[in-house]
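entry12.pdb follows; it contains PDB, C-alpha atoms and all ligand atoms.
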MODEL        1
ATOM      1  CA  MET T   1     155.719 -61.170  63.807
ATOM      2  CA  ASP T   2     153.051 -63.881  64.209
ATOM      3  CA  ILE T   3     151.723 -65.111  60.921
ATOM      4  CA  GLU T   4     148.186 -66.479  60.987
ATOM      5  CA  SER T   5     146.932 -65.785  57.492
ATOM      6  CA  VAL T   6     148.526 -66.354  54.115
ATOM      7  CA  GLY T   7     147.599 -64.891  50.737
ATOM      8  CA  VAL T   8     148.535 -66.982  47.713
ATOM      9  CA  ILE T   9     148.454 -65.253  44.348
ATOM     10  CA  GLY T  10     148.054 -67.610  41.410
ATOM     11  CA  ALA T  11     145.953 -70.776  41.624
ATOM     12  CA  GLY T  12     147.994 -72.939  39.234
ATOM     13  CA  GLN T  13     149.966 -76.072  40.069
ATOM     14  CA  MET T  14     152.230 -74.335  42.608
ATOM     15  CA  GLY T  15     149.591 -71.990  44.047
ATOM     16  CA  ASN T  16     147.082 -74.726  44.784
ATOM     17  CA  GLY T  17     149.795 -76.848  46.389
ATOM     18  CA  ILE T  18     150.863 -73.925  48.587
ATOM     19  CA  ALA T  19     147.242 -73.264  49.639
ATOM     20  CA  HIS T  20     146.894 -76.996  50.406
ATOM     21  CA  VAL T  21     149.887 -77.216  52.766
ATOM     22  CA  MET T  22     149.216 -73.844  54.417
ATOM     23  CA  ALA T  23     145.602 -74.793  55.205
ATOM     24  CA  LEU T  24     146.680 -78.162  56.618
ATOM     25  CA  ALA T  25     149.191 -76.359  58.859
ATOM     26  CA  GLY T  26     146.369 -74.239  60.287
ATOM     27  CA  TYR T  27     146.802 -70.980  58.386
ATOM     28  CA  ASN T  28     143.797 -69.106  57.036
ATOM     29  CA  VAL T  29     144.383 -68.911  53.309
ATOM     30  CA  VAL T  30     143.184 -66.477  50.671
ATOM     31  CA  LEU T  31     143.797 -68.091  47.290
ATOM     32  CA  ASN T  32     143.670 -65.452  44.574
ATOM     33  CA  ASP T  33     143.600 -65.577  40.801
ATOM     34  CA  VAL T  34     142.316 -63.346  37.994
ATOM     35  CA  ASN T  35     140.359 -66.238  36.602
ATOM     36  CA  GLN T  36     137.374 -67.895  38.349
ATOM     37  CA  THR T  37     137.869 -71.109  36.366
ATOM     38  CA  ALA T  38     141.448 -71.350  37.658
ATOM     39  CA  LEU T  39     140.165 -70.959  41.241
ATOM     40  CA  ASP T  40     137.493 -73.629  40.723
ATOM     41  CA  THR T  41     140.025 -76.022  39.172
ATOM     42  CA  ALA T  42     142.447 -75.383  42.042
ATOM     43  CA  LEU T  43     139.824 -76.260  44.646
ATOM     44  CA  VAL T  44     138.989 -79.489  42.815
ATOM     45  CA  GLN T  45     142.713 -80.346  42.752
ATOM     46  CA  ILE T  46     143.146 -79.574  46.458
ATOM     47  CA  HIS T  47     140.136 -81.777  47.282
ATOM     48  CA  LYS T  48     141.584 -84.574  45.161
ATOM     49  CA  ASN T  49     145.069 -84.355  46.678
ATOM     50  CA  MET T  50     143.774 -84.157  50.269
ATOM     51  CA  ALA T  51     141.353 -87.044  49.629
ATOM     52  CA  ARG T  52     144.346 -89.112  48.522
ATOM     53  CA  GLN T  53     146.066 -88.240  51.800
ATOM     54  CA  VAL T  54     142.919 -89.334  53.674
ATOM     55  CA  SER T  55     142.738 -92.617  51.767
ATOM     56  CA  ARG T  56     146.391 -93.298  52.600
ATOM     57  CA  GLU T  57     145.654 -92.463  56.256
ATOM     58  CA  LYS T  58     148.101 -89.536  56.308
ATOM     59  CA  ILE T  59     145.333 -87.197  57.527
ATOM     60  CA  THR T  60     141.786 -87.750  58.808
ATOM     61  CA  GLN T  61     138.595 -86.723  57.025
ATOM     62  CA  SER T  62     137.898 -84.146  59.723
ATOM     63  CA  THR T  63     141.403 -82.621  59.332
ATOM     64  CA  MET T  64     140.731 -82.366  55.604
ATOM     65  CA  ASP T  65     137.324 -80.736  56.136
ATOM     66  CA  THR T  66     138.766 -78.194  58.582
ATOM     67  CA  ALA T  67     141.631 -77.388  56.212
ATOM     68  CA  ILE T  68     139.350 -76.931  53.205
ATOM     69  CA  ALA T  69     137.166 -74.578  55.265
ATOM     70  CA  ARG T  70     140.248 -72.413  55.919
ATOM     71  CA  ILE T  71     140.695 -71.718  52.188
ATOM     72  CA  GLN T  72     138.870 -68.692  50.839
ATOM     73  CA  THR T  73     139.098 -68.156  47.084
ATOM     74  CA  SER T  74     139.069 -64.608  45.795
ATOM     75  CA  LEU T  75     139.337 -62.626  42.594
ATOM     76  CA  SER T  76     140.218 -59.488  44.581
ATOM     77  CA  LEU T  77     143.653 -58.354  45.698
ATOM     78  CA  THR T  78     142.004 -56.448  48.563
ATOM     79  CA  ASP T  79     141.376 -59.776  50.331
ATOM     80  CA  VAL T  80     145.010 -60.779  49.807
ATOM     81  CA  GLY T  81     146.198 -57.420  51.162
ATOM     82  CA  ALA T  82     144.683 -58.166  54.565
ATOM     83  CA  THR T  83     146.830 -61.277  55.151
ATOM     84  CA  ASP T  84     150.079 -61.462  57.163
ATOM     85  CA  LEU T  85     152.192 -63.227  54.532
ATOM     86  CA  VAL T  86     151.724 -63.057  50.770
ATOM     87  CA  ILE T  87     153.250 -65.657  48.461
ATOM     88  CA  GLU T  88     153.100 -64.722  44.805
ATOM     89  CA  ALA T  89     152.961 -67.875  42.675
ATOM     90  CA  ALA T  90     151.860 -66.499  39.328
ATOM     91  CA  THR T  91     153.346 -67.209  35.905
ATOM     92  CA  GLU T  92     157.149 -67.208  35.833
ATOM     93  CA  ARG T  93     157.430 -63.918  33.915
ATOM     94  CA  GLU T  94     158.912 -60.858  35.540
ATOM     95  CA  SER T  95     156.481 -58.427  33.892
ATOM     96  CA  VAL T  96     153.500 -60.427  35.194
ATOM     97  CA  LYS T  97     154.889 -60.546  38.734
ATOM     98  CA  GLN T  98     155.733 -56.861  38.616
ATOM     99  CA  ALA T  99     152.206 -55.914  37.522
ATOM    100  CA  ILE T 100     150.732 -58.018  40.357
ATOM    101  CA  PHE T 101     152.920 -56.298  42.964
ATOM    102  CA  ASP T 102     152.002 -52.867  41.572
ATOM    103  CA  ASP T 103     148.283 -53.705  41.891
ATOM    104  CA  LEU T 104     148.682 -55.333  45.296
ATOM    105  CA  LEU T 105     150.782 -52.709  47.126
ATOM    106  CA  PRO T 106     147.980 -50.154  47.743
ATOM    107  CA  HIS T 107     145.948 -52.900  49.497
ATOM    108  CA  LEU T 108     148.783 -54.365  51.560
ATOM    109  CA  LYS T 109     149.064 -53.894  55.345
ATOM    110  CA  PRO T 110     152.369 -52.151  56.175
ATOM    111  CA  GLU T 111     153.596 -55.103  58.255
ATOM    112  CA  THR T 112     152.740 -57.829  55.727
ATOM    113  CA  ILE T 113     155.675 -59.889  54.475
ATOM    114  CA  LEU T 114     155.701 -60.087  50.701
ATOM    115  CA  THR T 115     157.337 -63.075  48.996
ATOM    116  CA  SER T 116     157.641 -64.680  45.606
ATOM    117  CA  ASN T 117     157.698 -68.364  44.726
ATOM    118  CA  THR T 118     159.864 -67.513  41.715
ATOM    119  CA  SER T 119     162.195 -70.309  40.690
ATOM    120  CA  SER T 120     164.870 -68.027  39.275
ATOM    121  CA  ILE T 121     164.035 -64.311  38.988
ATOM    122  CA  SER T 122     166.147 -61.910  41.051
ATOM    123  CA  ILE T 123     164.547 -61.309  44.453
ATOM    124  CA  THR T 124     166.546 -58.119  44.883
ATOM    125  CA  ARG T 125     165.190 -56.693  41.621
ATOM    126  CA  LEU T 126     161.583 -57.679  42.390
ATOM    127  CA  ALA T 127     161.938 -56.225  45.910
ATOM    128  CA  SER T 128     163.451 -52.958  44.728
ATOM    129  CA  ARG T 129     160.251 -52.015  42.942
ATOM    130  CA  THR T 130     158.074 -52.500  46.033
ATOM    131  CA  ASP T 131     157.607 -50.276  49.099
ATOM    132  CA  ARG T 132     159.146 -52.925  51.398
ATOM    133  CA  PRO T 133     162.440 -54.423  50.163
ATOM    134  CA  GLU T 134     163.370 -55.273  53.778
ATOM    135  CA  ARG T 135     160.171 -57.327  54.176
ATOM    136  CA  PHE T 136     160.471 -59.030  50.778
ATOM    137  CA  MET T 137     162.092 -62.403  50.059
ATOM    138  CA  GLY T 138     161.964 -65.596  48.002
ATOM    139  CA  PHE T 139     159.740 -68.449  49.273
ATOM    140  CA  HIS T 140     160.382 -71.232  46.775
ATOM    141  CA  PHE T 141     158.414 -74.477  46.997
ATOM    142  CA  MET T 142     159.168 -77.615  44.986
ATOM    143  CA  ASN T 143     156.634 -79.477  42.874
ATOM    144  CA  PRO T 144     154.516 -81.388  43.952
ATOM    145  CA  VAL T 145     154.250 -79.075  46.937
ATOM    146  CA  PRO T 146     152.377 -81.453  49.289
ATOM    147  CA  VAL T 147     155.080 -84.101  48.815
ATOM    148  CA  MET T 148     158.399 -82.299  48.548
ATOM    149  CA  GLN T 149     160.155 -81.600  51.848
ATOM    150  CA  LEU T 150     162.236 -78.602  50.834
ATOM    151  CA  VAL T 151     161.469 -74.896  50.722
ATOM    152  CA  GLU T 152     164.243 -72.595  49.519
ATOM    153  CA  LEU T 153     164.274 -69.279  51.381
ATOM    154  CA  ILE T 154     166.070 -66.585  49.444
ATOM    155  CA  ARG T 155     167.299 -63.337  50.936
ATOM    156  CA  GLY T 156     167.296 -60.286  48.708
ATOM    157  CA  ILE T 157     170.083 -57.823  49.395
ATOM    158  CA  ALA T 158     167.789 -55.805  51.687
ATOM    159  CA  THR T 159     165.818 -58.597  53.396
ATOM    160  CA  ASP T 160     165.899 -58.065  57.159
ATOM    161  CA  GLU T 161     166.434 -60.770  59.776
ATOM    162  CA  PRO T 162     162.923 -60.678  61.367
ATOM    163  CA  THR T 163     161.426 -61.313  57.914
ATOM    164  CA  PHE T 164     163.734 -64.240  57.252
ATOM    165  CA  THR T 165     163.089 -65.729  60.698
ATOM    166  CA  ALA T 166     159.311 -65.355  60.340
ATOM    167  CA  CYS T 167     159.418 -67.255  57.034
ATOM    168  CA  GLN T 168     161.659 -69.937  58.554
ATOM    169  CA  ARG T 169     159.066 -70.441  61.299
ATOM    170  CA  VAL T 170     156.309 -70.831  58.690
ATOM    171  CA  VAL T 171     158.338 -73.557  56.938
ATOM    172  CA  GLU T 172     158.825 -75.322  60.300
ATOM    173  CA  ARG T 173     155.064 -75.178  60.975
ATOM    174  CA  LEU T 174     154.494 -76.788  57.564
ATOM    175  CA  GLY T 175     156.694 -79.668  58.743
ATOM    176  CA  LYS T 176     159.104 -78.959  55.895
ATOM    177  CA  THR T 177     162.807 -78.098  55.857
ATOM    178  CA  SER T 178     164.164 -74.782  54.655
ATOM    179  CA  ALA T 179     167.444 -74.162  52.855
ATOM    180  CA  SER T 180     168.805 -70.648  52.938
ATOM    181  CA  ALA T 181     170.004 -69.335  49.591
ATOM    182  CA  GLU T 182     171.587 -66.083  48.524
ATOM    183  CA  ASP T 183     170.067 -64.182  45.635
ATOM    184  CA  PHE T 184     172.019 -65.337  42.585
ATOM    185  CA  PRO T 185     170.538 -66.724  39.347
ATOM    186  CA  ALA T 186     168.279 -69.760  39.961
ATOM    187  CA  PHE T 187     169.366 -69.971  43.641
ATOM    188  CA  ILE T 188     170.432 -73.500  44.741
ATOM    189  CA  VAL T 189     168.045 -76.193  43.475
ATOM    190  CA  ASN T 190     167.579 -74.923  39.940
ATOM    191  CA  ARG T 191     171.220 -73.860  39.598
ATOM    192  CA  ILE T 192     172.067 -77.554  39.924
ATOM    193  CA  LEU T 193     168.935 -79.295  38.613
ATOM    194  CA  MET T 194     168.371 -77.348  35.384
ATOM    195  CA  PRO T 195     171.851 -77.821  33.890
ATOM    196  CA  MET T 196     171.373 -81.558  34.582
ATOM    197  CA  ILE T 197     168.036 -81.548  32.733
ATOM    198  CA  ASN T 198     169.535 -79.413  29.932
ATOM    199  CA  GLU T 199     172.425 -81.886  29.633
ATOM    200  CA  ALA T 200     169.900 -84.735  29.365
ATOM    201  CA  VAL T 201     168.287 -82.867  26.444
ATOM    202  CA  TYR T 202     171.742 -82.470  24.829
ATOM    203  CA  THR T 203     172.298 -86.200  25.341
ATOM    204  CA  LEU T 204     169.090 -86.818  23.374
ATOM    205  CA  TYR T 205     169.920 -84.104  20.775
ATOM    206  CA  GLU T 206     173.332 -85.603  20.076
ATOM    207  CA  GLY T 207     171.868 -89.101  19.750
ATOM    208  CA  VAL T 208     173.764 -90.544  22.683
ATOM    209  CA  GLY T 209     170.611 -92.193  23.984
ATOM    210  CA  SER T 210     166.843 -92.385  23.451
ATOM    211  CA  VAL T 211     164.304 -90.707  25.755
ATOM    212  CA  LYS T 212     163.693 -94.067  27.419
ATOM    213  CA  SER T 213     167.357 -94.999  27.846
ATOM    214  CA  ILE T 214     168.287 -91.574  29.219
ATOM    215  CA  ASP T 215     165.500 -91.663  31.793
ATOM    216  CA  GLU T 216     166.086 -95.277  32.751
ATOM    217  CA  SER T 217     169.808 -94.655  33.118
ATOM    218  CA  MET T 218     169.238 -91.893  35.644
ATOM    219  CA  LYS T 219     166.447 -93.708  37.488
ATOM    220  CA  LEU T 220     168.254 -97.026  37.825
ATOM    221  CA  GLY T 221     171.830 -95.769  37.634
ATOM    222  CA  ALA T 222     171.568 -92.734  39.894
ATOM    223  CA  ASN T 223     168.437 -93.580  41.912
ATOM    224  CA  HIS T 224     166.496 -90.511  40.779
ATOM    225  CA  PRO T 225     162.730 -90.919  41.345
ATOM    226  CA  MET T 226     162.042 -89.632  37.814
ATOM    227  CA  GLY T 227     164.298 -89.543  34.769
ATOM    228  CA  PRO T 228     165.451 -86.028  33.756
ATOM    229  CA  LEU T 229     163.269 -85.858  30.620
ATOM    230  CA  GLU T 230     160.194 -87.100  32.496
ATOM    231  CA  LEU T 231     160.977 -84.528  35.181
ATOM    232  CA  ALA T 232     161.324 -81.777  32.551
ATOM    233  CA  ASP T 233     157.851 -82.683  31.243
ATOM    234  CA  PHE T 234     156.559 -82.588  34.826
ATOM    235  CA  ILE T 235     158.058 -79.148  35.559
ATOM    236  CA  GLY T 236     157.137 -77.709  32.129
ATOM    237  CA  LEU T 237     159.611 -77.276  29.274
ATOM    238  CA  ASP T 238     158.858 -73.536  29.082
ATOM    239  CA  THR T 239     159.828 -73.184  32.757
ATOM    240  CA  CYS T 240     163.017 -75.215  32.189
ATOM    241  CA  LEU T 241     163.950 -73.013  29.221
ATOM    242  CA  ALA T 242     163.166 -69.804  31.128
ATOM    243  CA  ILE T 243     165.426 -70.898  33.998
ATOM    244  CA  MET T 244     168.260 -71.860  31.607
ATOM    245  CA  ASN T 245     167.964 -68.397  30.042
ATOM    246  CA  VAL T 246     168.196 -66.763  33.471
ATOM    247  CA  LEU T 247     171.352 -68.803  34.203
ATOM    248  CA  HIS T 248     172.838 -68.077  30.775
ATOM    249  CA  ASP T 249     172.103 -64.335  30.922
ATOM    250  CA  GLY T 250     172.865 -63.904  34.618
ATOM    251  CA  LEU T 251     176.123 -65.848  34.781
ATOM    252  CA  ALA T 252     177.287 -65.155  31.202
ATOM    253  CA  ASP T 253     178.802 -68.603  30.820
ATOM    254  CA  THR T 254     178.257 -70.790  27.738
ATOM    255  CA  LYS T 255     178.002 -73.868  29.941
ATOM    256  CA  TYR T 256     174.432 -72.726  30.650
ATOM    257  CA  ARG T 257     173.351 -72.332  27.016
ATOM    258  CA  PRO T 258     169.910 -73.897  26.527
ATOM    259  CA  CYS T 259     169.913 -76.935  24.250
ATOM    260  CA  PRO T 260     168.449 -76.038  20.826
ATOM    261  CA  LEU T 261     166.171 -79.070  21.077
ATOM    262  CA  LEU T 262     164.644 -77.685  24.294
ATOM    263  CA  THR T 263     164.010 -74.376  22.523
ATOM    264  CA  LYS T 264     162.458 -76.193  19.567
ATOM    265  CA  TYR T 265     160.016 -78.124  21.770
ATOM    266  CA  VAL T 266     158.946 -74.914  23.497
ATOM    267  CA  GLU T 267     158.496 -73.173  20.142
ATOM    268  CA  ALA T 268     156.308 -76.093  19.041
ATOM    269  CA  GLY T 269     154.139 -75.621  22.134
ATOM    270  CA  TRP T 270     155.207 -79.058  23.397
ATOM    271  CA  LEU T 271     155.563 -77.977  26.993
ATOM    272  CA  GLY T 272     155.256 -81.338  28.744
ATOM    273  CA  ARG T 273     152.386 -82.753  30.770
ATOM    274  CA  LYS T 274     150.404 -79.533  30.839
ATOM    275  CA  THR T 275     150.029 -79.563  27.035
ATOM    276  CA  GLN T 276     149.819 -83.367  26.859
ATOM    277  CA  ARG T 277     153.031 -83.489  24.858
ATOM    278  CA  GLY T 278     156.690 -83.032  25.631
ATOM    279  CA  PHE T 279     159.436 -85.630  25.513
ATOM    280  CA  TYR T 280     156.571 -88.075  26.139
ATOM    281  CA  ASP T 281     153.134 -88.175  24.557
ATOM    282  CA  TYR T 282     150.366 -88.043  27.198
ATOM    283  CA  ARG T 283     147.413 -87.973  24.753
TER
HETATM  284  N1  LIG T 301     150.130 -83.765  44.605
HETATM  285  C1  LIG T 301     150.064 -84.244  45.847
HETATM  286  N2  LIG T 301     150.585 -85.429  46.209
HETATM  287  C2  LIG T 301     151.140 -86.179  45.259
HETATM  288  C3  LIG T 301     151.222 -85.752  43.925
HETATM  289  C4  LIG T 301     150.675 -84.486  43.605
HETATM  290  N3  LIG T 301     150.724 -83.975  42.378
HETATM  291  N4  LIG T 301     151.838 -86.707  43.214
HETATM  292  C5  LIG T 301     152.140 -87.698  44.066
HETATM  293  N5  LIG T 301     151.739 -87.392  45.305
HETATM  294  C6  LIG T 301     151.963 -88.174  46.525
HETATM  295  C7  LIG T 301     151.187 -89.443  46.590
HETATM  296  O1  LIG T 301     149.948 -89.262  47.229
HETATM  297  C8  LIG T 301     152.095 -90.314  47.435
HETATM  298  O2  LIG T 301     151.941 -89.966  48.803
HETATM  299  P1  LIG T 301     152.255 -91.026  50.013
HETATM  300  O3  LIG T 301     153.655 -91.511  49.820
HETATM  301  O4  LIG T 301     152.084 -90.156  51.208
HETATM  302  O5  LIG T 301     151.249 -92.088  49.909
HETATM  303  C9  LIG T 301     153.487 -89.886  47.058
HETATM  304  O6  LIG T 301     153.333 -88.578  46.487
HETATM  305  C10 LIG T 301     154.117 -90.817  46.040
HETATM  306  O7  LIG T 301     153.233 -90.842  44.927
HETATM  307  P2  LIG T 301     153.064 -92.086  43.955
HETATM  308  O8  LIG T 301     153.326 -93.353  44.715
HETATM  309  O9  LIG T 301     151.761 -91.973  43.244
HETATM  310  O10 LIG T 301     154.122 -91.833  42.823
HETATM  311  P3  LIG T 301     155.673 -91.869  42.861
HETATM  312  O11 LIG T 301     156.215 -92.754  43.913
HETATM  313  O12 LIG T 301     156.010 -92.102  41.453
HETATM  314  O13 LIG T 301     156.088 -90.370  43.297
HETATM  315  C11 LIG T 301     156.691 -88.137  42.842
HETATM  316  C12 LIG T 301     155.689 -89.265  42.577
HETATM  317  C13 LIG T 301     156.602 -87.753  44.332
HETATM  318  C14 LIG T 301     156.253 -86.971  41.990
HETATM  319  C15 LIG T 301     158.131 -88.663  42.544
HETATM  320  O14 LIG T 301     158.182 -89.178  41.230
HETATM  321  C16 LIG T 301     159.191 -87.593  42.674
HETATM  322  O15 LIG T 301     159.646 -87.282  43.768
HETATM  323  N6  LIG T 301     159.615 -87.022  41.522
HETATM  324  C17 LIG T 301     160.611 -85.949  41.499
HETATM  325  C18 LIG T 301     159.943 -84.638  41.818
HETATM  326  C19 LIG T 301     160.922 -83.511  41.815
HETATM  327  O16 LIG T 301     162.113 -83.647  41.573
HETATM  328  N7  LIG T 301     160.395 -82.335  42.114
HETATM  329  C20 LIG T 301     161.179 -81.125  42.095
HETATM  330  C21 LIG T 301     161.021 -80.466  40.785
HETATM  331  S1  LIG T 301     161.991 -79.046  40.703
HETATM  332  C22 LIG T 301     161.054 -77.856  41.327
HETATM  333  O17 LIG T 301     159.900 -78.005  41.678
HETATM  334  C23 LIG T 301     161.725 -76.550  41.402
HETATM  335  C24 LIG T 301     161.421 -75.633  40.295
HETATM  336  O18 LIG T 301     161.426 -74.430  40.541
HETATM  337  C25 LIG T 301     161.222 -76.066  38.904
ENDMDL
END
Could you write out this file's structure as structure tokens?
Amino acid sequence: MDIESVGVIGAGQMGNGIAHVMALAGYNVVLNDVNQTALDTALVQIHKNMARQVSREKITQSTMDTAIARIQTSLSLTDVGATDLVIEAATERESVKQAIFDDLLPHLKPETILTSNTSSISITRLASRTDRPERFMGFHFMNPVPVMQLVELIRGIATDEPTFTACQRVVERLGKTSASAEDFPAFIVNRILMPMINEAVYTLYEGVGSVKSIDESMKLGANHPMGPLELADFIGLDTCLAIMNVLHDGLADTKYRPCPLLTKYVEAGWLGRKTQRGFYDYR
């Protein structure tokens, strides 16, 4: 199946990044959200990020203008339903994603491939409640989407080969690399990354090191571009906790238990950069 248009549901950090890279790769994009302010903010962010690429001579001004013109924002799922590939990038809560799919399905072309950018929720379970489990799979981008090279492609138990191949071709057209993952809790990247971040929080909780010394140790001692606590703030502490809970519940192993300090920060509403406060203070 030839994919020419992409519907992106959710105009937050991930959704606007996905719209950005899809438009630059030549796809017509429908960027959908329930909230007009979120759509407006997303467009401002896309402009800003593309302008930075222009100023660093990664793309030309005319490439940027053409790409921006390919992005249509919409509050209606009917517009999304007419696209060839849908990527759901809404809040990382199963009930929210489920409600979106329920509303979307009546508008969806039969041949459209339906995917989720979920970082940890079971693809098989999400797919089973749609009318197209064979044309459903995980399409997981990393943050920041315009920069990160990897896209995890996750097969649900029923995902068929043409669907997987079509998504692989989209990743190639984006100039990114795909990694194929089977549908088990948190897939590959977060199965490995989140326990590392959680362990960094335990290291802080147990007083082994300060925020600064933990982050500097991993940046200078392991060559990570960001320290684990800085990265947790960047991803969102609520997202980190949600993924640890998926690992803990799904694999039933105490090695995945979320650090109580991570839970406490989330309960305080200190969610990282997006709330101006996490392990660091951004105010
Ligand atoms: N959007 C678009 N582009 C951005 C950006 C953003 N939010 N932030 C930075 N960039 C671009 C810059 O324009 C710059 O591009 P060029 O090299 O082409 O000029 C490049 O990224 C480097 O930026 P900076 O020099 O300003 O900053 P930096 O060198 O400190 O890099 C970083 C910033 C790329 C974010 C780097 O710190 C990094 O790689 N951090 C780790 C990110 C990471 O691990 N992401 C995965 C998170 S896990 C995940 O996403 C999965 C999940 O489900 C939770």
Emit as JSON the padded axis-aligned box for all listed atoms of region 103-106 of chain T, 8 Å per side, with centre and edge lengths in Å to one decimal.
{"center_x": 149.4, "center_y": -52.7, "center_z": 44.8, "size_x": 18.8, "size_y": 21.2, "size_z": 21.9}
Can you translate the PyMOL selection byres (((chain T and resi 101-111) around 6) and not hetatm) into the concrete residues it hits in this file, as an NGL selection string? :T and (77-78 or 81 or 98-100 or 112)
Ground truth for the PyMOL selection byres (((chain T and resi 247) around 10) and not hetatm), written as a PyMOL selection string
chain T and resi 120-121+184-187+190-191+194-195+241-246+248-258
Could you turn the residues from that selection into a file that holds C-alpha atoms, as a short mmCIF file (atom, residue, chain, number, x, y, z; two decimals), in the frame of the given file?
data_model
loop_
_atom_site.label_atom_id
_atom_site.label_comp_id
_atom_site.auth_asym_id
_atom_site.auth_seq_id
_atom_site.Cartn_x
_atom_site.Cartn_y
_atom_site.Cartn_z
CA SER T 120 164.87 -68.03 39.28
CA ILE T 121 164.04 -64.31 38.99
CA PHE T 184 172.02 -65.34 42.58
CA PRO T 185 170.54 -66.72 39.35
CA ALA T 186 168.28 -69.76 39.96
CA PHE T 187 169.37 -69.97 43.64
CA ASN T 190 167.58 -74.92 39.94
CA ARG T 191 171.22 -73.86 39.60
CA MET T 194 168.37 -77.35 35.38
CA PRO T 195 171.85 -77.82 33.89
CA LEU T 241 163.95 -73.01 29.22
CA ALA T 242 163.17 -69.80 31.13
CA ILE T 243 165.43 -70.90 34.00
CA MET T 244 168.26 -71.86 31.61
CA ASN T 245 167.96 -68.40 30.04
CA VAL T 246 168.20 -66.76 33.47
CA HIS T 248 172.84 -68.08 30.78
CA ASP T 249 172.10 -64.33 30.92
CA GLY T 250 172.86 -63.90 34.62
CA LEU T 251 176.12 -65.85 34.78
CA ALA T 252 177.29 -65.16 31.20
CA ASP T 253 178.80 -68.60 30.82
CA THR T 254 178.26 -70.79 27.74
CA LYS T 255 178.00 -73.87 29.94
CA TYR T 256 174.43 -72.73 30.65
CA ARG T 257 173.35 -72.33 27.02
CA PRO T 258 169.91 -73.90 26.53
#
Using all atoms listed in the file, what are the residues with an atom within 9 Å of ligand LIG 301 (chain T), set out as a ChimeraX atom specification?
/T:13-14,17,45-46,48-50,52-53,55-58,117-120,140-148,186,189-190,193-194,224-228,231-232,234-236,239-240,243
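For the atom pair formed by CA of Ile18 (chain T) and CA of Gly278 (chain T), the distance is 25.4 Å, given to one decimal.
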Expected selection from the PyMOL selection byres (((chain T and resi 10) around 9) and not hetatm), given as a list in words:
Val8, Ile9, Ala11, Gly12, Gln13, Met14, Gly15, Asn16, Leu31, Asn32, Asp33, Val34, Ala38, Leu39, Ile87, Glu88, Ala89, Ala90 and Thr91 of chain T
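Distance annotation: of T:Ile59, T:Ile154, T:Ala127, T:Ala166, the residue with the minimal separation from Glu4 (chain T) is T:Ala166; atom set is only C-alpha atoms.
Nearest to Asp84 (chain T) of all the residues T:Thr37, T:Ser217, T:Thr275, T:Thr115 is T:Thr115, counting all atoms listed in the file.
Distance annotation: of T:Glu172, T:Asp281, T:Glu199, T:Glu216, the residue with the minimal separation from Ala25 (chain T) is T:Glu172; atom set is all atoms listed in the file.
The gap separating CA of Trp270 (chain T) from CA of Ile192 (chain T) is 23.7 Å, in Å to one decimal.
The shortest atom-to-atom distance to Pro260 (chain T), with only C-alpha atoms taken into account, belongs to T:Thr203 out of T:Thr66, T:Gln149, T:Thr203, T:Ser210.
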Note to self: If we count all atoms listed in the file and set the cut-off at 7 Å, which residues sit around Gly7 (chain T), ignoring sequence neighbours fewer than 6 positions away in its own chain? Please answer as a ChimeraX atom specification.
What the structure shows: /T:29-31,80,83,85-87
Starting from the block above, write region 183-193 of chain T out to a file with N, CA and C atoms, as a JSON list (two decimals), in the first residue's frame, please.
[["chain", "number", "residue", "atom", "x", "y", "z"],
["T", 183, "ASP", "N", 5.71, -7.45, 20.92],
["T", 183, "ASP", "CA", 4.81, -6.75, 21.83],
["T", 183, "ASP", "C", 4.88, -7.32, 23.25],
["T", 184, "PHE", "N", 5.89, -6.88, 23.99],
["T", 184, "PHE", "CA", 6.00, -7.19, 25.41],
["T", 184, "PHE", "C", 6.20, -5.88, 26.16],
["T", 185, "PRO", "N", 5.91, -5.83, 27.47],
["T", 185, "PRO", "CA", 5.87, -4.55, 28.17],
["T", 185, "PRO", "C", 7.07, -3.64, 27.90],
["T", 186, "ALA", "N", 6.74, -2.41, 27.44],
["T", 186, "ALA", "CA", 7.70, -1.32, 27.19],
["T", 186, "ALA", "C", 8.64, -1.58, 26.01],
["T", 187, "PHE", "N", 8.43, -2.70, 25.29],
["T", 187, "PHE", "CA", 9.15, -2.98, 24.04],
["T", 187, "PHE", "C", 10.68, -3.02, 24.28],
["T", 188, "ILE", "N", 11.48, -2.36, 23.43],
["T", 188, "ILE", "CA", 12.95, -2.46, 23.63],
["T", 188, "ILE", "C", 13.50, -1.25, 24.39],
["T", 189, "VAL", "N", 13.32, -0.05, 23.82],
["T", 189, "VAL", "CA", 14.01, 1.13, 24.36],
["T", 189, "VAL", "C", 13.62, 1.36, 25.82],
["T", 190, "ASN", "N", 12.33, 1.40, 26.09],
["T", 190, "ASN", "CA", 11.92, 1.71, 27.47],
["T", 190, "ASN", "C", 12.11, 0.56, 28.44],
["T", 191, "ARG", "N", 12.17, -0.67, 27.92],
["T", 191, "ARG", "CA", 12.47, -1.82, 28.78],
["T", 191, "ARG", "C", 13.88, -1.66, 29.39],
["T", 192, "ILE", "N", 14.76, -1.04, 28.61],
["T", 192, "ILE", "CA", 16.15, -0.87, 29.06],
["T", 192, "ILE", "C", 16.36, 0.50, 29.71],
["T", 193, "LEU", "N", 15.80, 1.54, 29.07],
["T", 193, "LEU", "CA", 16.05, 2.92, 29.53],
["T", 193, "LEU", "C", 15.38, 3.22, 30.88]]
